[in-house]
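Colleague: Would you mind keeping the following structure in view while I ask a few things?
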Amino acid sequence: FTMMASPSVPLALLKTLSALARGSLWLLLAATVLFLSAWGTLHWVIVPRIDDFRPLLEARTSALLGVELRIGAIKAQSTGLVPSFELDDVRLLDAQGRPALQLGRVQVALSPRSLWQLGFDQVYVERLQLQVRRDRAGRIWVAGLDLSGSSGDGQGLADWLFSQHELVLQGGSIEWTDELRAAPPLLLQQVQVVLRNQGRRHEIHVNATPPALLGERLSLTGRFVQPLLSLQAGRWRDWEGQLYSATDRIDLALLRQFADLGADLQQGSGAVRLWADIKRGELQGAVVDLSLGGVRLSLGAGLEPLALLSLASRLSAKRLAEGFEVSARALA
């Protein structure tokens, strides 16, 4: 007994495969033509006339961010598959028309992946001058934008910022003004910032030099994860993660003008290292390594200050459901 296969079955299969192959070939050809057209437009139309697009770029970006953007000049370099761009004298103006953010030079690097995501592969900024302010209502203003979450003014900028693959700031300055505490402005110089974003993960490194009387160079590192279902990369109040900060010398008595230390420390300076756990934008716990000299500490109203030649310890604090817990280790 012999079974013979029907010749119509493989013939139909071959016709189907042939049609799929022709369709895939046409799709590949169309994608290639589309890519070459976009590449040619970018290199031969946009790059040579990039500065002509400056008013349009200023208008579109100003509408997106909600503040006025001014760009001194734009240059492009077409040295590879994807060009790079350089922007000079970039300024963001606040509602009163004052420069809230000034960038001496901005270099923008692109890649096929970043073009597909409508972003940049790397943004490199030199000579940043940034104004950060807390008003009397407690709102935080960065470059003239309200980033406190009480309004949506800065949401567009925050979403764009935390969607970029890498942002590098070199040789800048940041001025912090706290109207709520009525403190004098604090100027941080030689600021270096590296911000990396990979999906829901955000990593930031900051190094800055405070005024000499306040202390020596300080560093800050933060690693955060945004919620899985979060659709806005800039909603930093929903993140959770850890902050680490360190400095070899800081005058805590002067620092009291700019931050709440949780204790009436009238005198004391030295090395400080801090690890802080953050959840949904709020401090949940912290560990602090202290090595201080010349300490004067008041433990309560009406009590004489506690005068110490030196103070060293690892202090821990944790928020509980109905209060908090504080502990000290290796207290000397």
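Ligands are numbered from 1 in the order shown, residues from 1 within each chain, and chains are lettered A, B, ... in the order they appear in the structure tokens.
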Name all residues at most 9 Å from stretch 207-223 of chain A (count only C-alpha atoms; drop same-chain ones fewer than 2 positions away) and give them as number ranges by chain.

Modeller: A: 172-174, 186-193, 201-205, 225, 240-255, 269-270

Colleague: According to DSSP computed on the backbone, where in stretch 115-196 of chain A is there strand (DSSP E)? Give the residues as a PyMOL selection string.

Modeller: chain A and resi 122-134+140-142+145-146+166-178+186-196

Colleague: From the list A:Leu306, A:Leu283, A:Arg134, A:Val295, which residue is nearest A:Phe258 when using only C-alpha atoms?

Modeller: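 Checking each of A:Leu306, A:Leu283, A:Arg134, A:Val295 against A:Phe258, counting only C-alpha atoms, the winner is A:Arg134.
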